[in-house]
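Shown next: work-v9.tsv, given as TSV, C-alpha atoms.
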chain	number	residue	atom	x	y	z
A	17	MET	CA	37.58	140.94	91.51
A	18	THR	CA	40.50	142.71	93.14
A	19	THR	CA	43.31	142.04	95.62
A	20	HIS	CA	45.08	144.92	97.36
A	21	ILE	CA	48.49	143.89	98.69
A	22	LEU	CA	50.47	146.00	101.14
A	23	ARG	CA	53.39	145.91	103.51
A	24	HIS	CA	52.78	146.25	107.26
A	25	GLY	CA	53.49	149.53	109.05
A	26	GLU	CA	56.85	150.61	110.41
A	27	THR	CA	58.38	148.91	113.48
A	28	HIS	CA	61.37	149.87	115.59
A	29	TYR	CA	63.18	146.94	113.91
A	30	SER	CA	62.47	148.08	110.36
A	31	ARG	CA	63.45	151.65	111.27
A	32	GLN	CA	66.90	150.32	112.23
A	33	TYR	CA	67.06	147.91	109.24
A	34	LEU	CA	67.14	144.85	111.49
A	35	VAL	CA	65.75	141.56	110.16
A	36	ASN	CA	63.02	139.53	111.82
A	37	GLY	CA	61.84	136.28	110.29
A	38	ASP	CA	60.67	134.69	113.54
A	39	PRO	CA	56.92	135.25	114.11
A	40	THR	CA	57.18	134.37	117.81
A	41	ARG	CA	59.11	137.58	118.55
A	42	PRO	CA	56.65	140.27	119.74
A	43	ILE	CA	57.68	143.03	117.37
A	44	ARG	CA	54.81	145.46	116.95
A	45	LEU	CA	54.22	148.72	115.10
A	46	SER	CA	56.01	151.87	116.13
A	47	ARG	CA	54.03	155.04	116.83
A	48	ASP	CA	54.63	156.16	113.24
A	49	GLY	CA	53.61	152.71	112.04
A	50	VAL	CA	50.28	152.99	113.83
A	51	LEU	CA	49.67	156.50	112.49
A	52	SER	CA	50.47	155.46	108.92
A	53	CYS	CA	47.62	152.95	108.93
A	54	GLY	CA	45.18	155.87	108.91
A	55	LEU	CA	46.47	156.96	105.50
A	56	VAL	CA	45.15	153.84	103.80
A	57	TRP	CA	41.57	154.97	104.46
A	58	HIS	CA	42.24	157.68	101.84
A	59	MET	CA	43.62	155.16	99.31
A	60	LEU	CA	41.19	152.24	99.40
A	61	PRO	CA	37.44	151.71	99.98
A	62	LEU	CA	38.18	149.68	103.10
A	63	ARG	CA	34.55	149.42	104.20
A	64	GLN	CA	33.84	147.42	101.05
A	65	VAL	CA	36.54	144.81	101.71
A	66	SER	CA	35.13	141.28	101.94
A	67	THR	CA	38.30	139.42	103.04
A	68	TRP	CA	41.27	140.47	105.12
A	69	LEU	CA	44.37	138.28	105.05
A	70	SER	CA	47.62	138.59	106.96
A	71	SER	CA	50.84	136.77	107.72
A	72	GLU	CA	51.10	135.42	111.26
A	73	PHE	CA	53.61	138.08	112.34
A	74	PRO	CA	52.35	140.49	115.05
A	75	ARG	CA	53.16	143.59	112.98
A	76	ALA	CA	51.15	142.33	110.00
A	77	ARG	CA	48.19	141.27	112.14
A	78	GLN	CA	48.27	144.59	113.99
A	79	THR	CA	48.30	146.49	110.69
A	80	ALA	CA	45.35	144.48	109.38
A	81	SER	CA	43.38	145.05	112.60
A	82	ARG	CA	44.07	148.79	112.45
A	83	LEU	CA	42.85	148.95	108.86
A	84	MET	CA	39.78	146.87	109.63
A	85	GLY	CA	38.86	149.31	112.38
A	86	VAL	CA	37.79	146.57	114.78
A	87	PRO	CA	39.87	144.11	116.84
A	88	GLU	CA	37.58	141.11	116.18
A	89	PRO	CA	37.06	139.14	114.13
A	90	GLY	CA	40.65	139.31	113.02
A	91	PRO	CA	42.07	138.69	109.55
A	92	VAL	CA	42.52	135.29	107.95
A	93	ILE	CA	46.04	134.21	108.94
A	94	ASP	CA	48.12	132.52	106.25
A	95	PRO	CA	51.70	131.51	107.22
A	96	GLN	CA	52.53	131.33	103.51
A	97	LEU	CA	52.61	135.14	103.62
A	98	ASN	CA	55.22	135.18	106.41
A	99	GLU	CA	58.53	137.02	106.21
A	100	LEU	CA	61.67	135.12	105.22
A	101	ASP	CA	63.36	132.83	107.72
A	102	TYR	CA	66.72	134.57	108.20
A	103	GLY	CA	68.30	131.81	110.26
A	104	ASP	CA	71.44	132.91	112.08
A	105	PHE	CA	70.98	136.46	110.77
A	106	GLU	CA	67.81	136.85	112.88
A	107	GLY	CA	67.73	140.15	114.75
A	108	GLY	CA	70.87	141.48	113.05
A	109	PRO	CA	71.47	144.20	110.44
A	110	PHE	CA	69.96	143.59	107.03
A	111	LEU	CA	73.28	144.60	105.51
A	112	LYS	CA	74.95	141.46	106.86
A	113	TYR	CA	72.27	139.27	105.29
A	114	ALA	CA	72.53	141.20	102.01
A	115	SER	CA	76.29	140.70	101.94
A	116	TRP	CA	75.85	136.96	102.46
A	117	LEU	CA	73.12	136.81	99.81
A	118	GLU	CA	75.26	138.52	97.19
A	119	GLN	CA	78.06	136.03	97.86
A	120	HIS	CA	75.99	132.84	97.92
A	121	GLY	CA	72.95	133.54	95.75
A	122	GLY	CA	69.22	133.16	96.14
A	123	ARG	CA	69.06	129.36	96.09
A	124	ARG	CA	71.23	128.68	99.13
A	125	ARG	CA	69.69	128.63	102.58
A	126	PRO	CA	71.42	130.90	105.08
A	127	PRO	CA	73.00	129.19	108.09
A	128	GLY	CA	70.26	128.07	110.47
A	129	ALA	CA	67.42	128.92	108.03
A	130	ARG	CA	64.75	126.56	106.74
A	131	GLU	CA	64.46	128.26	103.35
A	132	SER	CA	66.42	130.21	100.77
A	133	GLN	CA	65.32	133.59	99.48
A	134	TRP	CA	63.86	132.05	96.34
A	135	GLU	CA	62.09	129.33	98.33
A	136	GLY	CA	60.63	132.07	100.51
A	137	ILE	CA	59.43	134.08	97.51
A	138	LYS	CA	57.80	130.97	96.03
A	139	ARG	CA	56.02	130.36	99.34
A	140	MET	CA	54.75	133.96	99.45
A	141	LEU	CA	53.51	133.76	95.86
A	142	ALA	CA	51.63	130.58	96.75
A	143	GLY	CA	49.96	132.61	99.51
A	144	LEU	CA	48.79	135.17	96.96
A	145	GLN	CA	47.50	132.40	94.73
A	146	ALA	CA	45.50	131.01	97.65
A	147	ALA	CA	44.15	134.46	98.51
A	148	VAL	CA	42.23	134.57	95.23
A	149	GLU	CA	40.02	131.76	96.55
A	150	HIS	CA	38.55	134.12	99.16
A	151	PRO	CA	35.68	136.56	98.48
A	152	SER	CA	36.68	139.82	96.78
A	153	PRO	CA	37.66	142.59	97.24
A	154	ARG	CA	40.55	141.43	99.46
A	155	VAL	CA	43.33	143.12	101.38
A	156	VAL	CA	46.54	141.14	101.97
A	157	VAL	CA	48.91	142.47	104.65
A	158	CYS	CA	52.34	140.94	104.18
A	159	HIS	CA	56.03	141.92	104.24
A	160	GLY	CA	58.35	144.10	102.23
A	161	LEU	CA	60.03	141.47	100.09
A	162	LEU	CA	56.81	140.23	98.51
A	163	VAL	CA	55.59	143.75	97.75
A	164	SER	CA	59.02	144.64	96.33
A	165	VAL	CA	58.90	141.62	94.01
A	166	LEU	CA	55.46	142.66	92.76
A	167	HIS	CA	56.66	146.23	92.10
A	168	TRP	CA	59.67	144.86	90.24
A	169	TYR	CA	57.41	142.67	88.10
A	170	ARG	CA	55.26	145.65	87.13
A	171	GLU	CA	58.02	148.18	86.61
A	172	ARG	CA	60.80	146.27	84.89
A	173	SER	CA	61.53	147.74	81.50
A	174	VAL	CA	62.03	144.47	79.58
A	175	ALA	CA	59.98	141.30	80.05
A	176	GLY	CA	62.27	138.41	80.85
A	177	ASP	CA	64.80	140.47	82.80
A	178	SER	CA	66.45	138.27	85.42
A	179	MET	CA	65.07	138.63	88.91
A	180	PRO	CA	67.60	140.49	91.10
A	181	LEU	CA	68.78	139.33	94.51
A	182	LEU	CA	68.17	142.75	96.05
A	183	PHE	CA	65.09	144.86	95.35
A	184	PRO	CA	64.20	148.51	96.02
A	185	GLU	CA	62.41	148.74	99.33
A	186	ALA	CA	58.63	148.55	99.42
A	187	PRO	CA	56.76	151.45	101.02
A	188	TYR	CA	54.86	150.91	104.24
A	189	VAL	CA	51.06	150.44	103.98
A	190	GLN	CA	50.82	151.58	100.37
A	191	PRO	CA	48.75	149.10	98.37
A	192	ILE	CA	49.59	147.59	95.03
A	193	SER	CA	46.41	146.26	93.43
A	194	PHE	CA	45.70	143.47	90.94
A	195	GLU	CA	42.62	142.12	89.25
A	196	ASP	CA	42.42	138.35	89.71
A	197	GLU	CA	43.45	137.44	86.19
A	198	ASP	CA	46.46	139.77	86.32
A	199	LEU	CA	47.51	138.53	89.77
A	200	LEU	CA	47.39	134.87	88.73
A	201	ARG	CA	49.34	135.71	85.56
A	202	CYS	CA	51.91	137.59	87.66
A	203	VAL	CA	52.31	134.68	90.11
A	204	LYS	CA	52.66	132.14	87.31
A	205	SER	CA	55.24	134.28	85.50
A	206	LEU	CA	57.32	134.89	88.64
A	207	LEU	CA	57.31	131.20	89.60
A	208	SER	CA	58.47	130.30	86.10
A	209	GLU	CA	61.24	132.89	86.25
A	210	ILE	CA	62.48	131.65	89.63
A	211	ALA	CA	62.55	128.08	88.32
A	212	ALA	CA	64.54	129.22	85.28
A	213	GLU	CA	67.13	131.23	87.24
A	214	PRO	CA	70.62	129.68	87.11
A	215	ASP	CA	72.07	128.28	90.31
A	216	SER	CA	74.32	131.12	91.49
A	217	ILE	CA	75.58	129.42	94.65
A	218	SER	CA	79.27	130.07	95.07
A	219	GLU	CA	81.71	127.23	95.53
A	220	PRO	CA	82.45	126.29	99.16
A	221	ARG	CA	85.58	127.88	100.51
A	222	CYS	CA	88.48	125.79	101.65
A	223	ASP	CA	89.08	125.34	105.38
A	224	ALA	CA	91.80	127.98	105.41
A	225	GLU	CA	89.40	130.50	103.92
A	226	LYS	CA	86.66	129.57	106.37
A	227	THR	CA	88.88	130.40	109.29
A	228	ARG	CA	89.71	133.81	107.91
A	229	ALA	CA	87.53	136.46	109.52
A	230	GLU	CA	85.16	138.10	107.10
A	231	PRO	CA	85.09	141.90	107.22
A	232	GLU	CA	82.10	143.44	108.91
A	233	PRO	CA	79.82	145.36	106.50
A	234	ASP	CA	80.23	149.09	106.86
A	235	VAL	CA	76.89	150.53	107.93
A	236	ALA	CA	77.89	153.80	106.29
A	237	THR	CA	77.74	152.04	102.93
A	238	PHE	CA	74.04	151.18	103.35
A	239	ASP	CA	72.91	153.70	100.75
A	240	ARG	CA	75.05	151.90	98.17
A	241	VAL	CA	73.09	148.69	98.77
A	242	ILE	CA	69.57	148.27	97.41
A	243	HIS	CA	67.56	147.06	100.39
A	244	PRO	CA	64.70	144.71	99.55
A	245	HIS	CA	62.62	145.75	102.50
A	246	ALA	CA	64.10	149.55	103.76
A	247	GLN	CA	62.04	152.95	102.91
A	248	ARG	CA	63.51	154.97	100.09
A	249	ASP	CA	61.91	156.18	96.84
A	250	LEU	CA	60.02	152.92	96.64
A	251	PRO	CA	60.72	150.44	99.28
A	252	ASP	CA	61.25	144.14	107.20
A	253	ALA	CA	61.07	143.67	109.90

What's the structure tokens form of this structure?
Amino acid sequence: MTTHILRHGETHYSRQYLVNGDPTRPIRLSRDGVLSCGLVWHMLPLRQVSTWLSSEFPRARQTASRLMGVPEPGPVIDPQLNELDYGDFEGGPFLKYASWLEQHGGRRRPPGARESQWEGIKRMLAGLQAAVEHPSPRVVVCHGLLVSVLHWYRERSVAGDSMPLLFPEAPYVQPISFEDEDLLRCVKSLLSEIAAEPDSISEPRCDAEKTRAEPEPDVATFDRVIHPHAQRDLPDA
């Protein structure tokens, strides 16, 4: 029994490397994002899929509907597969969030957010674990971070390597596939590794430091930052 997991298609937000962790914002696929969905028909036997699952974000649901080929019935919606809650970084450049993440670590929740990066990854992995309960074969349409984590798990050179804060970006609508036993083993291993990661939260700054303006990230330096969701050799809004 098999699960095919893929990132949604491109949006105008993801093209500009803007973050969106609020599912109520009506961010849909760009023209290229819609066209890219047609490529998956050459990669997977989509007519044989028994279960379609998606996050509750419009771009993920739209991608799933495009792949299904019919608007109704829609995919099974699982909020556990949702994108990260970016808090006060919502709608802004990913680079600002990445800068904050590198300073404060994966366990700390960003200002205004309900979860940290690691809490978000754990939630997404729980969504994959729940997906296995549905009839197979399955297609799961989710977001770049989860797919990037799965690629990292498969491609790391040494088992036990520490999970990074920033991952290579996941490609749009390109599936990564797991047999059930392998997927459950992957989820269990990743959850164990997250639990074992040291707390890398930096010490709070003194009031004098808090009042000092932090430099704005230089957008020109983007290529020197490994984006966990942007489209390069591997790798959301």

Practice prompt. Write out as a list in words the residues lying within 10 Å of A:Phe73, counting only C-alpha atoms and excluding same-chain residues fewer than 4 positions away.
Written response: His24, Asn36, Gly37, Asp38, Pro39, Thr40, Arg41, Pro42, Ile43, Arg44, Arg77, Gln78, Ile93, Asp94, Pro95, Leu97, Asn98, Glu99, Cys158, His159 and Ala253 of chain A

### Gap from atom CA of A:Pro89 to atom CA of A:Leu199 - Å, one decimal
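Interatomic distance, atom CA of A:Pro89 to atom CA of A:Leu199: 26.5 Å.
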
Using all atoms listed in the file, which residue out of A:Phe183, A:Phe194, A:Tyr188, A:Phe110 lies closest to A:Gly54?
->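 Smallest separation from A:Gly54 among the options: A:Tyr188.
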
**Prompt:** Hey, which of A:Pro153, A:Pro61, A:Gly143, A:Gly108 ends up closest to A:Val203? Count all atoms listed in the file.
**Reply:**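 Ranked by minimum distance to A:Val203, first place goes to A:Gly143.
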
For A:Glu118, the nearest of the candidates A:Leu83, A:Val163, A:Leu182, A:Ile192, counting only C-alpha atoms
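Ranked by minimum distance to A:Glu118, first place goes to A:Leu182.
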
| Test item: residues at most 6 Å from A:Trp68, only C-alpha atoms, excluding those fewer than 6 positions along its chain, as number ranges by chain | A: 91, 154-155

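Each of A:Ile210, A:Val156, A:Leu111, A:Met140 was checked against A:Leu34 using only C-alpha atoms; the smallest atom-to-atom distance is that of A:Leu111.
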
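Counting from atom CA of A:Ala146, the distance to atom CA of A:Thr67 is 12.3 Å.
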
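Omitting A:Gly49 and its sequence neighbours fewer than 2 positions away, and counting all atoms listed in the file, the residues within 10 Å are His24, Gly25, Glu26, Thr27, His28, Arg31, Arg44, Leu45, Ser46, Arg47, Leu51, Ser52, Cys53, Gly54, Arg75, Gln78, Thr79, Tyr188 and Val189 of chain A.
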
What gap, in Å, lies between atom CA of A:Glu131 and atom CA of A:Pro184?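 Between atom CA of A:Glu131 and atom CA of A:Pro184 the gap works out to 21.5 Å.
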
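Minimum atom-to-atom distances from A:Asp198, A:Leu22, A:Gly90, A:Ser132 to A:Glu72 were compared using all atoms listed in the file, and the lowest value belongs to A:Gly90.
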
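With distances taken over all atoms listed in the file, A:Ala147 is the one residue among A:Leu55, A:Ala147, A:Cys202, A:Leu166 lying closest to A:Thr19.
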
Can you rebuild stretch 96-107 of chain A with all heavy atoms and give it as an mmCIF file, in the coordinates of the input?
data_model
loop_
_atom_site.group_PDB
_atom_site.id
_atom_site.type_symbol
_atom_site.label_atom_id
_atom_site.label_comp_id
_atom_site.auth_asym_id
_atom_site.auth_seq_id
_atom_site.Cartn_x
_atom_site.Cartn_y
_atom_site.Cartn_z
ATOM 1 N N GLN A 96 51.824 131.244 104.790
ATOM 2 C CA GLN A 96 52.530 131.330 103.510
ATOM 3 C C GLN A 96 52.952 132.768 103.204
ATOM 4 O O GLN A 96 53.870 132.991 102.407
ATOM 5 C CB GLN A 96 51.646 130.812 102.376
ATOM 6 C CG GLN A 96 51.375 129.324 102.428
ATOM 7 C CD GLN A 96 50.581 128.871 101.220
ATOM 8 O OE1 GLN A 96 51.095 128.199 100.333
ATOM 9 N NE2 GLN A 96 49.306 129.248 101.176
ATOM 10 N N LEU A 97 52.291 133.728 103.838
ATOM 11 C CA LEU A 97 52.610 135.140 103.620
ATOM 12 C C LEU A 97 53.693 135.647 104.562
ATOM 13 O O LEU A 97 54.056 136.829 104.517
ATOM 14 C CB LEU A 97 51.345 135.985 103.810
ATOM 15 C CG LEU A 97 50.178 135.675 102.864
ATOM 16 C CD1 LEU A 97 48.920 136.400 103.320
ATOM 17 C CD2 LEU A 97 50.534 136.065 101.425
ATOM 18 N N ASN A 98 54.227 134.768 105.415
ATOM 19 C CA ASN A 98 55.220 135.180 106.410
ATOM 20 C C ASN A 98 56.486 135.752 105.784
ATOM 21 O O ASN A 98 56.817 135.473 104.619
ATOM 22 C CB ASN A 98 55.610 133.997 107.291
ATOM 23 C CG ASN A 98 54.566 133.690 108.342
ATOM 24 O OD1 ASN A 98 53.534 134.349 108.424
ATOM 25 N ND2 ASN A 98 54.831 132.677 109.157
ATOM 26 N N GLU A 99 57.209 136.506 106.583
ATOM 27 C CA GLU A 99 58.530 137.020 106.210
ATOM 28 C C GLU A 99 59.499 135.853 106.036
ATOM 29 O O GLU A 99 59.240 134.728 106.488
ATOM 30 C CB GLU A 99 59.002 138.000 107.295
ATOM 31 C CG GLU A 99 60.430 138.508 107.162
ATOM 32 C CD GLU A 99 60.651 139.350 105.920
ATOM 33 O OE1 GLU A 99 60.463 138.809 104.808
ATOM 34 O OE2 GLU A 99 61.027 140.519 106.050
ATOM 35 N N LEU A 100 60.624 136.123 105.378
ATOM 36 C CA LEU A 100 61.670 135.120 105.220
ATOM 37 C C LEU A 100 62.180 134.624 106.566
ATOM 38 O O LEU A 100 62.223 135.372 107.545
ATOM 39 C CB LEU A 100 62.862 135.705 104.463
ATOM 40 C CG LEU A 100 62.796 135.834 102.950
ATOM 41 C CD1 LEU A 100 64.082 136.489 102.454
ATOM 42 C CD2 LEU A 100 62.595 134.484 102.278
ATOM 43 N N ASP A 101 62.615 133.366 106.586
ATOM 44 C CA ASP A 101 63.360 132.830 107.720
ATOM 45 C C ASP A 101 64.821 133.221 107.504
ATOM 46 O O ASP A 101 65.459 132.748 106.560
ATOM 47 C CB ASP A 101 63.197 131.318 107.775
ATOM 48 C CG ASP A 101 63.986 130.675 108.898
ATOM 49 O OD1 ASP A 101 64.668 131.401 109.652
ATOM 50 O OD2 ASP A 101 63.932 129.439 109.013
ATOM 51 N N TYR A 102 65.357 134.086 108.369
ATOM 52 C CA TYR A 102 66.720 134.570 108.200
ATOM 53 C C TYR A 102 67.772 133.722 108.915
ATOM 54 O O TYR A 102 68.963 134.016 108.833
ATOM 55 C CB TYR A 102 66.826 136.021 108.700
ATOM 56 C CG TYR A 102 66.125 137.008 107.804
ATOM 57 C CD1 TYR A 102 64.872 137.509 108.143
ATOM 58 C CD2 TYR A 102 66.703 137.441 106.615
ATOM 59 C CE1 TYR A 102 64.217 138.420 107.328
ATOM 60 C CE2 TYR A 102 66.060 138.342 105.791
ATOM 61 C CZ TYR A 102 64.815 138.831 106.152
ATOM 62 O OH TYR A 102 64.169 139.732 105.335
ATOM 63 N N GLY A 103 67.342 132.692 109.610
ATOM 64 C CA GLY A 103 68.300 131.810 110.260
ATOM 65 C C GLY A 103 69.186 132.536 111.254
ATOM 66 O O GLY A 103 68.706 133.295 112.097
ATOM 67 N N ASP A 104 70.481 132.325 111.135
ATOM 68 C CA ASP A 104 71.440 132.910 112.080
ATOM 69 C C ASP A 104 71.535 134.420 111.966
ATOM 70 O O ASP A 104 72.145 135.069 112.834
ATOM 71 C CB ASP A 104 72.831 132.296 111.874
ATOM 72 C CG ASP A 104 72.882 130.836 112.275
ATOM 73 O OD1 ASP A 104 71.899 130.336 112.851
ATOM 74 O OD2 ASP A 104 73.914 130.172 112.004
ATOM 75 N N PHE A 105 70.959 135.009 110.918
ATOM 76 C CA PHE A 105 70.980 136.460 110.770
ATOM 77 C C PHE A 105 69.838 137.130 111.553
ATOM 78 O O PHE A 105 69.766 138.362 111.594
ATOM 79 C CB PHE A 105 70.871 136.861 109.296
ATOM 80 C CG PHE A 105 72.081 136.480 108.479
ATOM 81 C CD1 PHE A 105 72.074 135.328 107.700
ATOM 82 C CD2 PHE A 105 73.226 137.249 108.512
ATOM 83 C CE1 PHE A 105 73.189 134.969 106.954
ATOM 84 C CE2 PHE A 105 74.352 136.900 107.774
ATOM 85 C CZ PHE A 105 74.327 135.753 106.993
ATOM 86 N N GLU A 106 68.959 136.333 112.148
ATOM 87 C CA GLU A 106 67.810 136.850 112.880
ATOM 88 C C GLU A 106 68.209 137.921 113.891
ATOM 89 O O GLU A 106 69.107 137.741 114.703
ATOM 90 C CB GLU A 106 67.096 135.699 113.615
ATOM 91 C CG GLU A 106 65.975 136.124 114.530
ATOM 92 C CD GLU A 106 64.796 136.720 113.776
ATOM 93 O OE1 GLU A 106 64.516 136.277 112.642
ATOM 94 O OE2 GLU A 106 64.163 137.639 114.314
ATOM 95 N N GLY A 107 67.512 139.057 113.815
ATOM 96 C CA GLY A 107 67.730 140.150 114.750
ATOM 97 C C GLY A 107 68.915 141.040 114.428
ATOM 98 O O GLY A 107 69.116 142.054 115.083
#
